[in-house]
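Trainee: Structure file input04.txt (compact mmCIF, C-alpha atoms) is given on the next line.
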```txt
# COMPACT_ATOMS: atom_id res chain seq x y z
CA MET A 1 168.22 130.01 101.75
CA ALA A 2 167.44 128.18 98.54
CA ASP A 3 168.64 124.94 100.14
CA ASP A 4 166.08 125.25 102.91
CA LEU A 5 163.15 125.00 100.54
CA GLU A 6 160.94 122.06 101.47
CA ASN A 7 159.35 119.82 98.97
CA ILE A 8 155.82 121.13 99.34
CA PRO A 9 153.45 118.70 97.60
CA SER A 10 151.86 120.80 94.88
CA ILE A 11 148.26 120.52 93.80
CA SER A 12 148.23 120.13 90.05
CA VAL A 13 145.48 121.79 88.06
CA LYS A 14 145.11 119.67 84.98
CA GLU A 15 141.49 119.75 83.97
CA PRO A 16 138.53 122.11 84.48
CA LEU A 17 137.21 120.04 87.39
CA ASP A 18 140.46 120.71 89.19
CA LEU A 19 139.54 124.39 89.16
CA VAL A 20 136.34 123.50 90.97
CA ARG A 21 138.36 121.50 93.48
CA LEU A 22 140.17 124.73 94.39
CA SER A 23 136.82 126.19 95.46
CA LEU A 24 136.00 123.50 98.04
CA ASP A 25 134.93 125.05 101.36
CA GLU A 26 134.71 128.41 99.60
CA ARG A 27 131.66 130.38 98.62
CA ILE A 28 130.78 129.97 94.96
CA TYR A 29 128.27 131.19 92.44
CA VAL A 30 126.41 128.63 90.34
CA LYS A 31 124.42 129.57 87.26
CA MET A 32 121.71 127.04 86.52
CA ARG A 33 119.11 126.31 83.90
CA ASN A 34 115.71 128.02 84.03
CA ASP A 35 117.19 131.41 85.01
CA ARG A 36 118.30 130.25 88.42
CA GLU A 37 121.42 131.15 90.32
CA ILE A 38 122.74 129.85 93.59
CA LYS A 39 125.36 131.24 95.92
CA GLY A 40 126.61 128.94 98.60
CA ARG A 41 129.58 127.24 100.24
CA LEU A 42 130.79 124.27 98.24
CA HIS A 43 131.32 121.09 100.23
CA ALA A 44 131.29 118.38 97.59
CA TYR A 45 131.05 117.87 93.85
CA ASP A 46 131.56 115.12 91.32
CA GLN A 47 132.21 114.74 87.60
CA HIS A 48 128.50 115.26 86.86
CA MET A 49 128.63 118.60 88.70
CA ASN A 50 126.31 117.24 91.37
CA MET A 51 127.12 119.45 94.35
CA ILE A 52 126.46 119.92 98.01
CA LEU A 53 126.20 123.56 99.11
CA SER A 54 125.62 124.95 102.57
CA ASP A 55 124.01 128.31 103.38
CA ALA A 56 122.69 128.41 99.85
CA GLU A 57 120.74 131.32 98.44
CA GLU A 58 118.75 130.57 95.30
CA THR A 59 117.70 133.42 93.03
CA ILE A 60 115.04 132.84 90.38
CA THR A 61 114.69 135.57 87.75
CA THR A 62 111.40 136.04 85.94
CA VAL A 63 110.33 138.50 83.26
CA GLU A 64 106.79 139.76 83.30
CA ILE A 65 105.59 141.64 80.29
CA ASP A 66 103.08 144.38 80.93
CA GLU A 67 100.27 143.82 78.44
CA GLU A 68 99.58 147.54 78.04
CA THR A 69 102.99 149.15 78.00
CA TYR A 70 104.79 146.05 76.69
CA GLU A 71 107.62 146.81 79.04
CA GLU A 72 109.59 143.93 80.54
CA VAL A 73 109.60 143.80 84.30
CA TYR A 74 112.42 141.71 85.77
CA ARG A 75 111.66 140.16 89.13
CA THR A 76 113.82 138.00 91.32
CA THR A 77 112.70 135.60 94.02
CA LYS A 78 115.21 134.46 96.58
CA ARG A 79 115.23 131.72 99.14
CA ASN A 80 117.75 130.43 101.61
CA ILE A 81 118.42 126.77 102.20
CA PRO A 82 120.84 125.63 104.94
CA MET A 83 122.08 122.50 103.16
CA LEU A 84 121.36 121.67 99.55
CA PHE A 85 122.15 118.91 97.08
CA VAL A 86 122.14 120.21 93.51
CA ARG A 87 121.83 117.74 90.65
CA GLY A 88 124.51 118.31 88.08
CA ASP A 89 122.36 118.23 84.97
CA GLY A 90 120.90 121.61 85.91
CA VAL A 91 124.25 123.33 86.32
CA ILE A 92 125.53 125.68 83.61
CA LEU A 93 128.56 127.24 85.25
CA VAL A 94 130.44 127.48 88.53
CA SER A 95 132.53 130.46 89.56
CA PRO A 96 133.79 132.35 92.60
CA PRO A 97 131.09 134.78 93.71
CA MET A 98 130.92 137.97 91.67
CA ARG A 99 131.05 140.48 94.47
CA THR A 100 131.00 144.15 93.65
CA SER A 101 131.41 145.15 97.31
CA MET B 102 130.40 109.34 96.07
CA PHE B 103 126.96 110.92 96.32
CA TYR B 104 125.43 107.45 96.29
CA SER B 105 127.19 106.62 99.57
CA PHE B 106 126.44 110.11 100.86
CA PHE B 107 122.71 109.55 100.37
CA LYS B 108 122.94 106.05 101.82
CA SER B 109 124.25 107.67 105.01
CA LEU B 110 121.13 109.85 105.09
CA VAL B 111 118.60 107.00 104.90
CA GLY B 112 116.02 107.51 107.61
CA LYS B 113 116.36 111.28 107.64
CA ASP B 114 113.70 113.73 106.54
CA VAL B 115 114.46 115.53 103.31
CA VAL B 116 112.68 117.75 100.83
CA VAL B 117 113.08 116.76 97.20
CA GLU B 118 112.42 119.51 94.68
CA LEU B 119 111.69 118.17 91.23
CA LYS B 120 112.29 119.77 87.87
CA ASN B 121 108.52 120.18 87.49
CA ASP B 122 108.59 122.49 90.53
CA LEU B 123 106.95 119.95 92.81
CA SER B 124 108.47 119.78 96.29
CA ILE B 125 108.01 116.60 98.25
CA CYS B 126 108.90 116.22 101.92
CA GLY B 127 109.49 112.71 103.17
CA THR B 128 111.75 110.24 104.89
CA LEU B 129 114.57 108.92 102.77
CA HIS B 130 113.92 105.21 102.47
CA SER B 131 116.49 104.20 99.90
CA VAL B 132 118.68 105.38 97.07
CA ASP B 133 120.47 103.68 94.19
CA GLN B 134 123.45 104.26 91.92
CA TYR B 135 121.39 106.52 89.67
CA LEU B 136 120.35 108.54 92.73
CA ASN B 137 116.78 107.37 92.22
CA ILE B 138 115.06 108.05 95.54
CA LYS B 139 112.37 106.27 97.49
CA LEU B 140 110.58 108.39 100.05
CA THR B 141 108.11 107.24 102.67
CA ASP B 142 105.41 109.17 104.50
CA ILE B 143 105.42 111.98 102.01
CA SER B 144 103.69 115.31 102.04
CA VAL B 145 103.77 118.02 99.43
CA THR B 146 105.52 121.12 100.81
CA ASP B 147 105.58 124.57 99.26
CA THR B 148 101.94 125.62 99.38
CA GLU B 149 100.01 122.61 98.24
CA LYS B 150 98.90 124.28 95.07
CA TYR B 151 100.88 121.61 93.25
CA PRO B 152 99.40 118.15 92.52
CA HIS B 153 98.08 117.00 95.87
CA MET B 154 99.17 113.46 96.39
CA LEU B 155 96.85 113.05 99.35
CA SER B 156 96.50 109.30 98.99
CA VAL B 157 100.17 108.70 98.25
CA LYS B 158 102.28 107.64 101.23
CA ASN B 159 105.40 106.36 99.53
CA CYS B 160 106.95 107.23 96.23
CA PHE B 161 109.78 106.39 93.91
CA ILE B 162 111.45 109.34 92.24
CA ARG B 163 113.60 108.90 89.17
CA GLY B 164 116.97 110.50 89.81
CA SER B 165 116.98 112.48 86.59
CA VAL B 166 113.89 114.51 87.55
CA VAL B 167 115.41 115.79 90.77
CA ARG B 168 116.49 119.43 90.79
CA TYR B 169 117.46 119.79 94.48
CA VAL B 170 117.40 117.80 97.67
CA GLN B 171 117.14 119.95 100.79
CA LEU B 172 119.00 118.34 103.65
CA PRO B 173 119.11 118.90 107.40
CA ALA B 174 122.35 120.81 107.98
CA ASP B 175 123.15 119.07 111.23
CA GLU B 176 123.11 115.63 109.64
CA VAL B 177 125.83 116.48 107.17
CA ASP B 178 129.54 116.15 107.91
CA THR B 179 130.99 118.87 105.71
CA GLN B 180 134.60 118.05 106.49
CA LEU B 181 134.11 114.44 105.43
CA LEU B 182 132.38 115.59 102.26
CA GLN B 183 135.18 117.94 101.32
CA ASP B 184 137.81 115.27 101.90
CA SER B 185 135.84 112.78 99.78
CA ALA B 186 135.41 115.32 97.00
CA ARG B 187 139.14 116.06 96.96
CA LYS B 188 139.92 112.37 96.65
CA GLU B 189 137.17 111.84 94.09
CA ALA B 190 138.66 114.51 91.86
CA SER B 191 141.96 112.72 91.48
CA ALA B 192 140.49 109.24 91.23
CA PRO B 193 136.87 109.35 90.02
CA THR B 194 134.84 106.25 90.94
CA ARG B 195 133.64 105.09 87.53
```
What is this structure when it is put down as structure tokens?

Mentor:
Amino acid sequence: MADDLENIPSISVKEPLDLVRLSLDERIYVKMRNDREIKGRLHAYDQHMNMILSDAEETITTVEIDEETYEEVYRTTKRNIPMLFVRGDGVILVSPPMRTS
Amino acid sequence: MFYSFFKSLVGKDVVVELKNDLSICGTLHSVDQYLNIKLTDISVTDTEKYPHMLSVKNCFIRGSVVRYVQLPADEVDTQLLQDSARKEASAPTR
């Protein structure tokens, strides 16, 4: 049985960007500057972390401080965009989606 | 790679969201290696509470101030993009 093993061309993971390559056509989570996060399906990326995402959902988190009680109220705004180009200089990190369900 | 991707979208309507939160809808006229963008026939989307550029028809946007570009989903070949990205990863076009 060992002799029947084919030479399957292996994808080598050498550098961090190779890890991103593994996520192509998969849903990913992107943390961005200015308290923004995006979840979407990754279609393209480059060394600058410019990316193309489809079915993207952007979440913007804001903190409003109540002047009287001084409590911090966290709000999130979401929007959906069918096809989005994201400029790499705004990207902080890229990861598979953190799903609790 | 994204330079040629945007070149393939010249003539299409896009929405460019800038880092200063301004969203501009327009027709993609041209793009360059820095992903600077020229838009024609622009209008400010996203509730025109942002600087109204009522008299401005065309604009040049420096690539570095772009946060997002919203694209029409049906104009994008996702398979082609994925294949290009895979190739780009092993041999980056410098």

Trainee: One decimal, Å: what's the distance from CA of Gln171 (chain B) over to CA of Pro96 (chain A), could you say?

Mentor: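 If I compute the distance from CA of Gln171 (chain B) to CA of Pro96 (chain A), I get 22.3 Å.
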
Trainee: How close does each residue of chain A get to chain B, giving the shortest atom pair and distance in Å to one decimal for every residue with an atom at most 9 Å away, counting all atoms listed in the file, sorted by chain and residue number, as a Markdown table?

Mentor:
```
| residue | atom | partner | partner_atom | distance |
| --- | --- | --- | --- | --- |
| A:Leu17 | CA | B:Ala190 | CA | 7.3 |
| A:Asp18 | CA | B:Ala190 | CA | 7.0 |
| A:Arg21 | CA | B:Arg187 | CA | 6.5 |
| A:Leu24 | CA | B:Gln183 | CA | 6.5 |
| A:Asp25 | CA | B:Gln183 | CA | 7.1 |
| A:Leu42 | CA | B:Gln183 | CA | 8.3 |
| A:His43 | CA | B:Gln183 | CA | 5.1 |
| A:Ala44 | CA | B:Ala186 | CA | 5.2 |
| A:Tyr45 | CA | B:Ala186 | CA | 6.0 |
| A:Asp46 | CA | B:Ala186 | CA | 6.9 |
| A:Gln47 | CA | B:Pro193 | CA | 7.5 |
| A:Asn50 | CA | B:Phe103 | CA | 8.1 |
| A:Met51 | CA | B:Phe103 | CA | 8.8 |
| A:Ile52 | CA | B:Leu182 | CA | 8.5 |
| A:Ser54 | CA | B:Ala174 | CA | 7.6 |
| A:Asp55 | CA | B:Ala174 | CA | 9.0 |
| A:Ile81 | CA | B:Gln171 | CA | 7.1 |
| A:Pro82 | CA | B:Ala174 | CA | 5.9 |
| A:Met83 | CA | B:Ala174 | CA | 5.1 |
| A:Leu84 | CA | B:Gln171 | CA | 4.7 |
| A:Phe85 | CA | B:Val170 | CA | 4.9 |
| A:Val86 | CA | B:Tyr169 | CA | 4.8 |
| A:Arg87 | CA | B:Arg168 | CA | 5.6 |
| A:Gly88 | CA | B:Arg168 | CA | 8.5 |
| A:Asp89 | CA | B:Ser165 | CA | 8.0 |
| A:Gly90 | CA | B:Arg168 | CA | 6.9 |
```

Trainee: One decimal, Å: what's the distance from CA of Asn80 (chain A) over to CA of Glu58 (chain A), could you say?

Mentor: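 Taking CA of Asn80 (chain A) as the start and CA of Glu58 (chain A) as the end point, the length is 6.4 Å.
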
Trainee: What is the distance, in Å and to one decimal place, between CA of Ile92 (chain A) and CA of Met49 (chain A)?

Mentor: 9.3 Å

Trainee: Write out as a list in words which residues come within 7 Å of Ser95 (chain A) when counting only C-alpha atoms, dropping same-chain ones fewer than 5 positions away.

Mentor: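 Answer for this query is Ile28, Tyr29 and Val30 of chain A.
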
Trainee: Keeping only C-alpha atoms, write the selected residues as a PDB file, in the frame of the given file.

Mentor:
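out.pdb, written as the output of this step:
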```
ATOM      1  CA  ILE A  28     130.780 129.970  94.960  1.00  0.00           C
ATOM      2  CA  TYR A  29     128.270 131.190  92.440  1.00  0.00           C
ATOM      3  CA  VAL A  30     126.410 128.630  90.340  1.00  0.00           C
TER       4      VAL A  30
END
```

Trainee: Tell me which of A:Ser12, A:Ser23, A:Thr77, A:Asn34 sits closest to Asn121 (chain B), counting all atoms listed in the file.

Mentor: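 Nearest to Asn121 (chain B): A:Asn34.
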
Trainee: Which one of A:Glu57, A:Gly40, A:Asp35, A:Met98 sits closest to Arg75 (chain A) if you count all atoms listed in the file?

Mentor: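 Answer, going by the shortest atom-to-atom distance: A:Asp35.
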
Trainee: Residues at most 10 Å from Val157 (chain B), counting all atoms listed in the file, excluding those fewer than 2 positions away in the same chain, as a list in words?

Mentor: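 Non-adjacent residues within range: Thr141, Asp142, Ile143, Ser144, His153, Met154, Leu155, Asn159 and Cys160 of chain B.
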